[in-house]
>>> print(open('coords_18.txt').read())   # compact mmCIF, C-alpha atoms and all ligand atoms
# COMPACT_ATOMS: atom_id res chain seq x y z
CA MET C 450 106.93 14.72 -0.50
CA ARG C 451 108.08 11.11 -0.63
CA ASN C 452 111.67 10.00 -1.13
CA VAL C 453 110.63 6.90 -2.98
CA VAL C 454 107.36 5.40 -4.16
CA ILE C 455 107.51 1.73 -5.12
CA ILE C 456 104.85 0.64 -7.57
CA GLY C 457 104.04 -3.03 -7.09
CA SER C 458 104.12 -5.43 -4.15
CA GLY C 459 105.46 -8.63 -5.68
CA CYS C 460 108.87 -10.06 -4.95
CA ALA C 461 110.59 -7.10 -6.68
CA GLY C 462 108.58 -4.31 -5.05
CA ASN C 463 108.65 -5.83 -1.57
CA THR C 464 112.39 -6.46 -1.70
CA ALA C 465 112.97 -2.89 -2.91
CA ALA C 466 110.85 -1.82 0.08
CA VAL C 467 113.03 -3.80 2.52
CA TYR C 468 116.20 -2.13 1.21
CA ALA C 469 114.71 1.36 0.91
CA ALA C 470 113.19 1.12 4.40
CA ARG C 471 116.48 -0.04 5.93
CA ALA C 472 118.12 2.97 4.24
CA ASN C 473 115.65 5.14 6.18
CA LEU C 474 113.87 6.33 3.04
CA LYS C 475 110.40 5.51 4.44
CA PRO C 476 109.17 4.09 1.14
CA LEU C 477 105.52 4.08 0.12
CA VAL C 478 104.51 0.89 -1.67
CA VAL C 479 101.48 1.03 -3.96
CA SER C 480 100.28 -2.57 -3.82
CA GLY C 481 98.52 -2.76 -7.19
CA HIS C 482 95.30 -4.62 -7.95
CA GLU C 483 97.13 -7.94 -7.93
CA ALA C 484 98.80 -7.43 -4.54
CA GLY C 485 101.65 -9.83 -3.94
CA GLY C 486 102.17 -10.24 -7.68
CA GLN C 487 102.46 -13.58 -9.39
CA LEU C 488 103.86 -15.32 -6.32
CA SER C 489 100.51 -14.87 -4.63
CA LEU C 490 99.02 -17.07 -7.36
CA THR C 491 101.48 -19.95 -7.00
CA THR C 492 101.76 -22.89 -4.66
CA LEU C 493 105.07 -24.37 -3.56
CA VAL C 494 108.20 -22.50 -4.65
CA GLU C 495 111.11 -24.91 -4.59
CA ASN C 496 113.83 -22.80 -6.16
CA PHE C 497 114.02 -19.75 -3.90
CA PRO C 498 117.36 -20.14 -2.09
CA GLY C 499 117.21 -20.65 1.66
CA PHE C 500 114.15 -22.91 1.85
CA PRO C 501 115.29 -26.53 1.56
CA GLU C 502 111.72 -27.82 1.86
CA GLY C 503 110.31 -25.09 -0.41
CA ILE C 504 107.96 -22.32 0.67
CA ASN C 505 104.45 -21.36 -0.41
CA GLY C 506 104.50 -18.43 -2.85
CA PRO C 507 101.92 -16.34 -0.94
CA ASP C 508 103.84 -16.91 2.33
CA LEU C 509 107.11 -15.91 0.72
CA VAL C 510 105.82 -12.62 -0.64
CA GLU C 511 103.90 -11.86 2.58
CA ASN C 512 107.05 -12.50 4.63
CA ILE C 513 109.02 -10.00 2.55
CA LYS C 514 106.22 -7.47 3.01
CA LYS C 515 106.29 -7.96 6.80
CA GLN C 516 110.05 -7.55 6.72
CA ALA C 517 109.68 -4.25 4.84
CA GLU C 518 106.96 -3.01 7.22
CA HIS C 519 109.15 -3.93 10.17
CA PHE C 520 111.69 -1.37 8.90
CA GLY C 521 109.08 1.32 8.27
CA ALA C 522 107.76 0.75 4.74
CA GLU C 523 104.18 1.93 4.25
CA TYR C 524 101.70 0.10 2.02
CA VAL C 525 98.70 1.58 0.27
CA HIS C 526 96.08 -0.49 -1.60
CA GLY C 527 95.15 0.24 -5.18
CA ASN C 528 96.78 1.21 -8.43
CA VAL C 529 98.64 4.11 -9.98
CA LEU C 530 96.05 5.53 -12.40
CA GLU C 531 98.18 8.32 -13.91
CA ALA C 532 101.83 9.27 -13.76
CA ASP C 533 103.57 12.54 -14.58
CA LEU C 534 107.26 11.85 -14.90
CA SER C 535 107.95 14.88 -17.10
CA GLN C 536 109.35 16.95 -14.22
CA ARG C 537 110.52 16.58 -10.64
CA PRO C 538 109.08 15.96 -8.20
CA PHE C 539 107.32 13.15 -10.01
CA ARG C 540 103.56 13.02 -9.55
CA LEU C 541 101.53 9.85 -9.21
CA ASN C 542 97.76 9.55 -9.07
CA VAL C 543 97.07 6.69 -6.66
CA GLU C 544 93.35 5.87 -6.80
CA GLY C 545 92.45 9.55 -7.22
CA GLU C 546 94.96 11.02 -4.80
CA TRP C 547 98.12 12.70 -6.14
CA THR C 548 101.41 11.89 -4.43
CA GLU C 549 104.71 13.69 -5.05
CA THR C 550 107.96 11.81 -4.90
CA ARG C 551 111.66 12.35 -5.59
CA THR C 552 112.18 8.85 -7.02
CA VAL C 553 110.01 6.03 -8.33
CA ILE C 554 110.68 2.31 -8.50
CA VAL C 555 108.48 0.63 -11.08
CA ALA C 556 107.92 -2.95 -9.97
CA SER C 557 104.46 -3.37 -11.44
CA GLY C 558 105.18 -6.79 -12.90
CA ALA C 559 103.22 -8.49 -15.64
CA SER C 560 99.62 -9.74 -15.88
CA ALA C 561 98.16 -12.84 -17.47
CA ARG C 562 97.89 -12.91 -21.25
CA TRP C 563 94.56 -14.05 -22.70
CA LEU C 564 93.82 -15.75 -26.01
CA GLY C 565 91.58 -12.84 -26.99
CA LEU C 566 88.52 -14.84 -28.05
CA PRO C 567 85.24 -13.01 -27.32
CA SER C 568 83.83 -16.19 -25.72
CA GLU C 569 86.90 -16.40 -23.46
CA GLN C 570 86.46 -12.84 -22.24
CA LYS C 571 82.76 -13.38 -21.55
CA LEU C 572 83.40 -16.54 -19.55
CA ILE C 573 86.21 -15.27 -17.31
CA GLY C 574 85.13 -16.18 -13.79
CA HIS C 575 82.53 -18.59 -15.17
CA GLY C 576 84.86 -21.45 -15.96
CA VAL C 577 87.64 -19.51 -17.69
CA SER C 578 90.59 -18.71 -15.41
CA SER C 579 94.24 -17.69 -15.53
CA CYS C 580 95.02 -19.02 -12.09
CA ALA C 581 94.98 -22.73 -11.33
CA THR C 582 95.92 -22.14 -7.72
CA CYS C 583 92.97 -19.83 -7.23
CA ASP C 584 90.31 -21.79 -9.08
CA GLY C 585 91.46 -25.41 -9.39
CA PHE C 586 89.47 -26.38 -6.32
CA PHE C 587 86.19 -25.76 -8.16
CA TYR C 588 86.86 -28.53 -10.67
CA ARG C 589 86.98 -31.61 -8.48
CA ASN C 590 86.34 -34.68 -10.66
CA LYS C 591 85.63 -32.40 -13.61
CA LYS C 592 87.21 -32.12 -17.05
CA ILE C 593 89.84 -29.44 -17.25
CA MET C 594 91.70 -27.86 -20.16
CA VAL C 595 94.97 -25.94 -19.92
CA ILE C 596 96.29 -23.82 -22.78
CA GLY C 597 100.01 -23.17 -23.29
CA GLY C 598 103.36 -24.81 -23.86
CA GLY C 599 105.59 -23.10 -21.30
CA ASP C 600 106.50 -23.91 -17.70
CA SER C 601 103.38 -22.21 -16.40
CA ALA C 602 101.13 -24.47 -18.48
CA MET C 603 103.07 -27.56 -17.31
CA GLU C 604 102.86 -26.47 -13.70
CA GLU C 605 99.14 -25.74 -13.94
CA ALA C 606 98.35 -28.98 -15.78
CA ASN C 607 100.16 -31.04 -13.15
CA PHE C 608 98.62 -29.12 -10.28
CA LEU C 609 95.12 -29.43 -11.72
CA THR C 610 95.34 -33.22 -11.89
CA ARG C 611 94.93 -33.07 -8.09
CA PHE C 612 91.37 -31.98 -8.73
CA GLY C 613 90.18 -32.92 -12.18
CA GLN C 614 89.40 -36.38 -13.55
CA GLU C 615 91.36 -35.45 -16.69
CA VAL C 616 93.45 -32.49 -17.81
CA ALA C 617 93.81 -31.80 -21.54
CA LEU C 618 96.91 -29.71 -22.23
CA VAL C 619 96.47 -27.84 -25.51
CA HIS C 620 99.52 -26.35 -27.22
CA ARG C 621 99.64 -24.64 -30.60
CA ARG C 622 102.95 -26.20 -31.71
CA GLU C 623 104.69 -29.58 -31.69
CA GLU C 624 107.67 -28.42 -29.60
CA PHE C 625 107.29 -27.13 -26.07
CA ARG C 626 108.84 -24.00 -24.63
CA ALA C 627 108.75 -25.56 -21.16
CA SER C 628 111.90 -26.85 -19.44
CA LYS C 629 112.57 -30.56 -19.86
CA ILE C 630 111.97 -31.45 -16.21
CA MET C 631 108.53 -29.80 -16.18
CA LEU C 632 107.55 -31.37 -19.49
CA ASP C 633 108.73 -34.81 -18.34
CA ARG C 634 106.53 -34.54 -15.23
CA VAL C 635 103.52 -33.78 -17.40
CA ARG C 636 104.31 -36.62 -19.79
CA ALA C 637 104.62 -39.01 -16.86
CA ASN C 638 101.27 -37.92 -15.42
CA PRO C 639 98.58 -40.39 -16.57
CA LYS C 640 95.81 -37.83 -15.99
CA VAL C 641 97.23 -35.37 -18.54
CA LYS C 642 96.26 -35.69 -22.19
CA LEU C 643 98.57 -33.77 -24.55
CA LEU C 644 97.01 -32.11 -27.60
CA THR C 645 99.78 -30.51 -29.69
CA ASN C 646 99.50 -28.49 -32.91
CA THR C 647 96.09 -27.52 -31.62
CA VAL C 648 94.45 -24.12 -31.28
CA VAL C 649 91.24 -23.06 -29.56
CA GLU C 650 88.62 -21.55 -31.85
CA GLU C 651 85.84 -20.97 -29.39
CA ILE C 652 84.77 -21.68 -25.85
CA PHE C 653 81.21 -22.78 -25.08
CA ASP C 654 78.67 -21.87 -23.74
CA VAL C 655 78.28 -18.11 -23.50
CA SER C 656 74.47 -18.42 -23.57
CA LYS C 657 74.60 -20.54 -20.38
CA ASP C 658 77.21 -18.28 -18.76
CA LEU C 659 79.19 -21.44 -18.07
CA VAL C 660 82.07 -23.33 -19.68
CA THR C 661 80.81 -26.55 -21.21
CA GLY C 662 83.40 -27.18 -23.91
CA ALA C 663 85.86 -25.83 -26.45
CA ARG C 664 86.12 -26.01 -30.21
CA LEU C 665 89.62 -27.16 -31.12
CA HIS C 666 91.43 -27.19 -34.43
CA ASN C 667 94.47 -29.28 -35.28
CA VAL C 668 96.62 -27.08 -37.52
CA LYS C 669 98.49 -30.08 -38.97
CA THR C 670 95.63 -32.42 -39.80
CA GLY C 671 93.01 -29.72 -40.35
CA GLN C 672 90.61 -31.56 -38.04
CA THR C 673 88.13 -29.47 -36.01
CA TRP C 674 86.18 -30.90 -33.09
CA ASP C 675 84.37 -29.99 -29.89
CA GLU C 676 85.89 -31.16 -26.63
CA PRO C 677 83.62 -31.19 -23.54
CA VAL C 678 85.29 -29.39 -20.64
CA ASP C 679 84.25 -27.70 -17.37
CA GLY C 680 87.29 -25.62 -16.46
CA PHE C 681 89.39 -23.69 -18.99
CA PHE C 682 92.76 -22.42 -17.78
CA VAL C 683 94.82 -20.04 -19.89
CA ALA C 684 98.58 -20.18 -19.19
CA ILE C 685 100.15 -18.48 -22.20
CA GLY C 686 102.43 -15.95 -20.58
CA HIS C 687 102.13 -12.40 -19.35
CA ILE C 688 101.96 -8.75 -20.40
CA PRO C 689 104.06 -6.14 -18.58
CA ASN C 690 102.06 -3.55 -16.62
CA THR C 691 103.44 -0.37 -18.16
CA ALA C 692 100.37 1.16 -19.86
CA VAL C 693 100.25 4.01 -17.35
CA PHE C 694 103.83 5.07 -18.25
CA GLN C 695 103.37 4.92 -22.01
CA GLY C 696 105.20 7.75 -23.78
CA GLN C 697 107.25 8.51 -20.67
CA ILE C 698 109.32 5.42 -19.88
CA LEU C 699 110.95 3.74 -22.86
CA THR C 700 109.69 0.22 -23.46
CA ASP C 701 110.12 -2.38 -26.19
CA ALA C 702 107.31 -3.19 -28.60
CA ASP C 703 105.70 -5.58 -26.10
CA GLY C 704 105.72 -2.99 -23.31
CA TYR C 705 108.70 -4.29 -21.30
CA ILE C 706 110.79 -1.42 -19.86
CA LEU C 707 114.07 -0.92 -21.70
CA SER C 708 116.80 -0.80 -19.09
CA GLN C 709 119.43 1.89 -19.40
CA GLY C 710 121.88 -0.18 -17.33
CA GLY C 711 121.54 -1.36 -13.74
CA ALA C 712 118.01 -0.53 -12.62
CA ARG C 713 117.86 2.74 -14.56
CA THR C 714 115.10 3.74 -16.97
CA ASN C 715 115.43 6.59 -19.47
CA VAL C 716 113.92 8.94 -16.84
CA LYS C 717 116.49 10.00 -14.23
CA GLY C 718 115.17 9.09 -10.79
CA VAL C 719 112.84 6.40 -12.10
CA PHE C 720 114.07 2.83 -11.66
CA HIS C 721 112.76 -0.57 -12.71
CA ALA C 722 112.62 -3.88 -10.84
CA GLY C 723 111.38 -7.34 -11.75
CA ASP C 724 109.16 -8.73 -14.49
CA VAL C 725 108.13 -5.30 -15.77
CA GLN C 726 111.59 -5.16 -17.38
CA ASP C 727 112.72 -8.79 -17.42
CA ARG C 728 111.40 -10.98 -20.19
CA THR C 729 114.22 -13.48 -19.88
CA TYR C 730 114.60 -14.82 -16.33
CA ARG C 731 111.28 -13.87 -14.66
CA GLN C 732 112.03 -15.74 -11.45
CA ALA C 733 111.19 -14.82 -7.87
CA ILE C 734 114.86 -14.67 -6.98
CA THR C 735 115.83 -12.49 -9.95
CA ALA C 736 112.90 -10.16 -9.19
CA ALA C 737 114.06 -9.93 -5.56
CA GLY C 738 117.61 -9.17 -6.73
CA ALA C 739 116.29 -6.52 -9.11
CA GLY C 740 114.30 -4.93 -6.28
CA CYS C 741 117.47 -4.72 -4.22
CA MET C 742 119.34 -3.10 -7.14
CA ALA C 743 116.59 -0.53 -7.72
CA ALA C 744 116.50 0.47 -4.04
CA ILE C 745 120.28 0.86 -3.89
CA GLU C 746 120.21 2.99 -7.04
CA ALA C 747 117.39 5.16 -5.66
CA GLU C 748 119.30 5.58 -2.40
CA ARG C 749 122.50 6.64 -4.20
CA PHE C 750 120.55 8.95 -6.49
CA LEU C 751 118.95 10.71 -3.51
CA GLU C 752 122.26 10.86 -1.67
CA ALA C 753 123.94 12.51 -4.67
CA GLU C 754 121.19 15.14 -4.58
CA GLY C 755 121.78 15.73 -0.90
CA HIS C 756 118.58 14.13 0.46
P1 LIG T 1 106.23 -18.61 -21.69
O1 LIG T 1 107.46 -19.36 -21.32
O2 LIG T 1 106.35 -17.33 -22.43
O3 LIG T 1 105.29 -19.61 -22.50
C1 LIG T 1 104.06 -19.16 -23.04
C2 LIG T 1 103.45 -20.32 -23.82
O4 LIG T 1 102.16 -19.91 -24.26
C3 LIG T 1 104.26 -20.69 -25.04
O5 LIG T 1 104.32 -22.08 -25.18
C4 LIG T 1 103.47 -20.04 -26.18
O6 LIG T 1 103.51 -20.78 -27.37
C5 LIG T 1 102.07 -20.06 -25.67
N1 LIG T 1 101.28 -18.96 -26.23
C6 LIG T 1 101.56 -17.63 -26.20
N2 LIG T 1 100.59 -16.92 -26.79
C7 LIG T 1 99.67 -17.82 -27.23
C8 LIG T 1 98.44 -17.71 -27.91
N3 LIG T 1 97.94 -16.51 -28.26
N4 LIG T 1 97.77 -18.83 -28.21
C9 LIG T 1 98.25 -20.04 -27.82
N5 LIG T 1 99.41 -20.22 -27.16
C10 LIG T 1 100.11 -19.12 -26.87
O7 LIG T 1 105.38 -18.25 -20.38
P2 LIG T 1 105.22 -19.04 -19.01
O8 LIG T 1 104.98 -20.48 -19.22
O9 LIG T 1 104.22 -18.24 -18.27
O10 LIG T 1 106.63 -18.88 -18.28
C11 LIG T 1 107.20 -17.60 -18.03
C12 LIG T 1 108.51 -17.72 -17.28
O11 LIG T 1 108.29 -18.20 -15.94
C13 LIG T 1 109.50 -18.69 -17.90
O12 LIG T 1 110.79 -18.18 -17.74
C14 LIG T 1 109.33 -19.94 -17.08
O13 LIG T 1 110.49 -20.75 -17.06
C15 LIG T 1 109.04 -19.37 -15.70
N6 LIG T 1 108.24 -20.33 -14.89
C16 LIG T 1 108.92 -21.21 -14.10
C17 LIG T 1 108.22 -22.10 -13.31
C18 LIG T 1 108.96 -23.03 -12.40
O14 LIG T 1 110.16 -23.19 -12.57
N7 LIG T 1 108.33 -23.64 -11.42
C19 LIG T 1 106.83 -22.15 -13.39
C20 LIG T 1 106.16 -21.28 -14.24
C21 LIG T 1 106.89 -20.37 -14.99
P3 LIG T 1 104.83 -20.86 -28.29
O15 LIG T 1 105.76 -21.74 -27.56
O16 LIG T 1 104.31 -21.41 -29.57
O17 LIG T 1 105.32 -19.43 -28.41
>>> encode(input="coords_18.txt", output="structure tokens", more="lines below")
Ligand code: NAP
Amino acid sequence: MRNVVIIGSGCAGNTAAVYAARANLKPLVVSGHEAGGQLSLTTLVENFPGFPEGINGPDLVENIKKQAEHFGAEYVHGNVLEADLSQRPFRLNVEGEWTETRTVIVASGASARWLGLPSEQKLIGHGVSSCATCDGFFYRNKKIMVIGGGDSAMEEANFLTRFGQEVALVHRREEFRASKIMLDRVRANPKVKLLTNTVVEEIFDVSKDLVTGARLHNVKTGQTWDEPVDGFFVAIGHIPNTAVFQGQILTDADGYILSQGGARTNVKGVFHAGDVQDRTYRQAITAAGAGCMAAIEAERFLEAEGH
């Protein structure tokens, strides 16, 4: 019987693990298929307090993990496949093995959103990617396209100009959701070509198992054309990883956990941390803070029960 199982090993889960481990709760962290969370897919993080020169995302999240392990947190690879939160102890199926636990911290984060085009799905890993940091390297001196109008799209477009000969940034509206500073950087980058009011209709070429271009449509002018491109990066936001808790933990229509105050979910003894609940701030530092809150709540919950 575990005191606490933490689901997710991003900034939220790892920070929860540091706090829970230092409270002697010997937490078990289920890493998830995207171990390290979104930070493991970023490059330099310049806004995490305490690092005046910035720190690499993967290093940051790995450091927090080491810190948690130093205090006795245990990590297990894989995903939670099923969860029974209907009675205590809670039961979690981790890659086929059931684990019982008195409390759960859900820090399973959010995964990349896709456009949903059949051609996109078929070409994932063959020129279609959701991670510039992971795959940008393959497109040296090639033509790259980035989809999206938020900070992620700006960041990816800028980053990809290190590799590509040209980066076309395609956004479905005129106005950008991105912060001004990120947008200004993109506008000032001569290698980025902005295509606004533009949607993607299809990605070529499924028959070659390789991205060769995209059919674009300008929703204002009505023009449709084919743009040759080698790398296609989708940066249109994320979907919270809550499918496994559906019908048990209350979420909003998009699947984000509905907080019941602090780090509490509607299920007593189950707490939330990070992007799985937060659709507003979604920062490394807010996720870390949320992980701390969840661990403190779990600790107090267990203490009140005499554990
Ligand atoms: P986001 O802010 O939600 O932006 C998603 C973008 O994708 C929007 O422009 C949206 O268009 C577009 N989009 C969504 N669905 C689409 C679809 N089906 N087809 C075409 N376009 C679609 O997501 P994000 O950029 O990933 O950022 C998430 C959070 O992380 C934000 O809080 C952001 O500030 C933060 N972030 C910060 C940094 C940094 O500071 N270094 C870097 C990355 C992210 P509409 O605008 O038309 O809805």
>>> atom_distance(input="coords_18.txt", atom1="atom CA of Ala466 of chain C", atom2="atom CA of Leu751 of chain C")
15.3 Å
>>> residues_near_ligand(input="coords_18.txt", ligand="ligand LIG 1 (chain T)", cutoff="6 Å", atoms="all atoms listed in the file", output="list in words")
Leu564, Gly597, Gly598, Gly599, Asp600, Ser601, Ala602, Glu604, Arg621, Arg622, Phe625, Arg626, Ile685, Gly686, Tyr730 and Arg731 of chain C
>>> write_last_selection(input="coords_18.txt", atoms="C-alpha atoms", output="PDB file, in the frame of the given file")
ATOM      1  CA  LEU C 564      93.820 -15.750 -26.010  1.00  0.00           C
ATOM      2  CA  GLY C 597     100.010 -23.170 -23.290  1.00  0.00           C
ATOM      3  CA  GLY C 598     103.360 -24.810 -23.860  1.00  0.00           C
ATOM      4  CA  GLY C 599     105.590 -23.100 -21.300  1.00  0.00           C
ATOM      5  CA  ASP C 600     106.500 -23.910 -17.700  1.00  0.00           C
ATOM      6  CA  SER C 601     103.380 -22.210 -16.400  1.00  0.00           C
ATOM      7  CA  ALA C 602     101.130 -24.470 -18.480  1.00  0.00           C
ATOM      8  CA  GLU C 604     102.860 -26.470 -13.700  1.00  0.00           C
ATOM      9  CA  ARG C 621      99.640 -24.640 -30.600  1.00  0.00           C
ATOM     10  CA  ARG C 622     102.950 -26.200 -31.710  1.00  0.00           C
ATOM     11  CA  PHE C 625     107.290 -27.130 -26.070  1.00  0.00           C
ATOM     12  CA  ARG C 626     108.840 -24.000 -24.630  1.00  0.00           C
ATOM     13  CA  ILE C 685     100.150 -18.480 -22.200  1.00  0.00           C
ATOM     14  CA  GLY C 686     102.430 -15.950 -20.580  1.00  0.00           C
ATOM     15  CA  TYR C 730     114.600 -14.820 -16.330  1.00  0.00           C
ATOM     16  CA  ARG C 731     111.280 -13.870 -14.660  1.00  0.00           C
TER      17      ARG C 731
END
>>> closest_residue(input="coords_18.txt", among="C:Ala532, C:Ala743, C:Val660, C:Leu665", to="His620 of chain C", atoms="all atoms listed in the file")
C:Leu665
>>> atom_distance(input="coords_18.txt", atom1="atom CA of Ser489 of chain C", atom2="atom CA of Gln709 of chain C")
29.3 Å
>>> atom_distance(input="coords_18.txt", atom1="atom CA of Val635 of chain C", atom2="atom CA of Val595 of chain C")
11.9 Å
>>> closest_residue(input="coords_18.txt", among="C:Val577, C:Val525, C:Ala663, C:Ala684", to="Ala627 of chain C", atoms="all atoms listed in the file")
C:Ala684
>>> residues_around(input="coords_18.txt", residues="Val453 of chain C", least_positions_apart="3", cutoff="10 Å", atoms="all atoms listed in the file", output="PyMOL selection string")
chain C and resi 450+456+466+469-470+474-478+539+549-554+718-719+744+747-748+751
>>> residues_around(input="coords_18.txt", residues="Pro639 of chain C", least_positions_apart="3", cutoff="10 Å", atoms="only C-alpha atoms", output="PyMOL selection string")
chain C and resi 610+615-616+634-636+642
>>> closest_residue(input="coords_18.txt", among="C:Ser656, C:Thr548, C:Gln672, C:Asn473", to="His575 of chain C", atoms="only C-alpha atoms")
C:Ser656
>>> closest_residue(input="coords_18.txt", among="C:Val648, C:Ile504, C:Leu534, C:Leu493", to="Leu699 of chain C", atoms="all atoms listed in the file")
C:Leu534
>>> residues_near_point(input="coords_18.txt", point="(85.6, -31.7, -35.5)", cutoff="12 Å", atoms="all atoms listed in the file", output="PyMOL selection string")
chain C and resi 647+649-650+663-667+670-676
>>> closest_residue(input="coords_18.txt", among="C:Val555, C:Gly545, C:Gln695, C:Gln614", to="Ala712 of chain C", atoms="all atoms listed in the file")
C:Val555
>>> residues_around(input="coords_18.txt", residues="segment 579-588 of chain C", least_positions_apart="4", cutoff="8 Å", atoms="all atoms listed in the file", output="NGL selection string")
:C and (490-492 or 561 or 592-593 or 605 or 608-609 or 612-613 or 679-680 or 682-684)
>>> residues_around(input="coords_18.txt", residues="Phe497 of chain C", least_positions_apart="3", cutoff="10 Å", atoms="all atoms listed in the file", output="ChimeraX atom specification")
/C:494,500-501,503-504,506,509,732-735,737
>>> residues_around(input="coords_18.txt", residues="Gln516 of chain C", least_positions_apart="3", cutoff="9 Å", atoms="only C-alpha atoms", output="ChimeraX atom specification")
/C:463-464,466-467,511-513,519-520,522
>>> closest_residue(input="coords_18.txt", among="C:Leu572, C:Ala517, C:Arg451, C:Asp724", to="Leu488 of chain C", atoms="all atoms listed in the file")
C:Asp724
>>> decode(input="coords_18.txt", residues="segment 666-680 of chain C", atoms="N, CA, C and O atoms", output="mmCIF file, in the first residue's frame")
data_model
loop_
_atom_site.group_PDB
_atom_site.id
_atom_site.type_symbol
_atom_site.label_atom_id
_atom_site.label_comp_id
_atom_site.auth_asym_id
_atom_site.auth_seq_id
_atom_site.Cartn_x
_atom_site.Cartn_y
_atom_site.Cartn_z
ATOM 1 N N HIS C 666 -5.231 27.312 -47.712
ATOM 2 C CA HIS C 666 -6.411 28.042 -48.173
ATOM 3 C C HIS C 666 -6.509 29.331 -47.376
ATOM 4 O O HIS C 666 -6.540 29.307 -46.138
ATOM 5 N N ASN C 667 -6.534 30.456 -48.097
ATOM 6 C CA ASN C 667 -6.700 31.737 -47.418
ATOM 7 C C ASN C 667 -8.193 32.005 -47.231
ATOM 8 O O ASN C 667 -8.931 32.151 -48.203
ATOM 9 N N VAL C 668 -8.628 32.073 -45.975
ATOM 10 C CA VAL C 668 -10.062 32.166 -45.698
ATOM 11 C C VAL C 668 -10.617 33.557 -46.022
ATOM 12 O O VAL C 668 -11.823 33.739 -46.112
ATOM 13 N N LYS C 669 -9.735 34.538 -46.200
ATOM 14 C CA LYS C 669 -10.208 35.891 -46.532
ATOM 15 C C LYS C 669 -10.337 36.085 -48.037
ATOM 16 O O LYS C 669 -11.330 36.579 -48.540
ATOM 17 N N THR C 670 -9.288 35.650 -48.761
ATOM 18 C CA THR C 670 -9.292 35.873 -50.212
ATOM 19 C C THR C 670 -9.924 34.699 -50.973
ATOM 20 O O THR C 670 -10.285 34.837 -52.132
ATOM 21 N N GLY C 671 -10.022 33.557 -50.299
ATOM 22 C CA GLY C 671 -10.583 32.376 -50.958
ATOM 23 C C GLY C 671 -9.562 31.612 -51.789
ATOM 24 O O GLY C 671 -9.871 30.569 -52.369
ATOM 25 N N GLN C 672 -8.338 32.128 -51.825
ATOM 26 C CA GLN C 672 -7.288 31.498 -52.649
ATOM 27 C C GLN C 672 -6.842 30.157 -52.041
ATOM 28 O O GLN C 672 -6.716 30.032 -50.823
ATOM 29 N N THR C 673 -6.628 29.168 -52.914
ATOM 30 C CA THR C 673 -6.094 27.874 -52.471
ATOM 31 C C THR C 673 -4.840 27.580 -53.286
ATOM 32 O O THR C 673 -4.832 27.798 -54.500
ATOM 33 N N TRP C 674 -3.780 27.148 -52.613
ATOM 34 C CA TRP C 674 -2.546 26.852 -53.347
ATOM 35 C C TRP C 674 -1.721 25.791 -52.622
ATOM 36 O O TRP C 674 -1.961 25.520 -51.442
ATOM 37 N N ASP C 675 -0.790 25.208 -53.364
ATOM 38 C CA ASP C 675 0.096 24.203 -52.781
ATOM 39 C C ASP C 675 1.449 24.835 -52.490
ATOM 40 O O ASP C 675 2.018 25.509 -53.363
ATOM 41 N N GLU C 676 1.919 24.629 -51.283
ATOM 42 C CA GLU C 676 3.189 25.208 -50.847
ATOM 43 C C GLU C 676 4.177 24.045 -50.641
ATOM 44 O O GLU C 676 3.909 23.149 -49.833
ATOM 45 N N PRO C 677 5.300 24.025 -51.366
ATOM 46 C CA PRO C 677 6.270 22.941 -51.144
ATOM 47 C C PRO C 677 6.919 23.080 -49.772
ATOM 48 O O PRO C 677 7.280 24.199 -49.369
ATOM 49 N N VAL C 678 7.029 21.988 -49.043
ATOM 50 C CA VAL C 678 7.602 22.035 -47.711
ATOM 51 C C VAL C 678 8.123 20.641 -47.340
ATOM 52 O O VAL C 678 7.594 19.630 -47.804
ATOM 53 N N ASP C 679 9.189 20.611 -46.523
ATOM 54 C CA ASP C 679 9.796 19.326 -46.144
ATOM 55 C C ASP C 679 9.445 18.923 -44.705
ATOM 56 O O ASP C 679 9.305 17.745 -44.410
ATOM 57 N N GLY C 680 9.359 19.918 -43.834
ATOM 58 C CA GLY C 680 9.043 19.629 -42.429
ATOM 59 C C GLY C 680 7.798 20.384 -42.013
ATOM 60 O O GLY C 680 7.666 21.588 -42.313
#
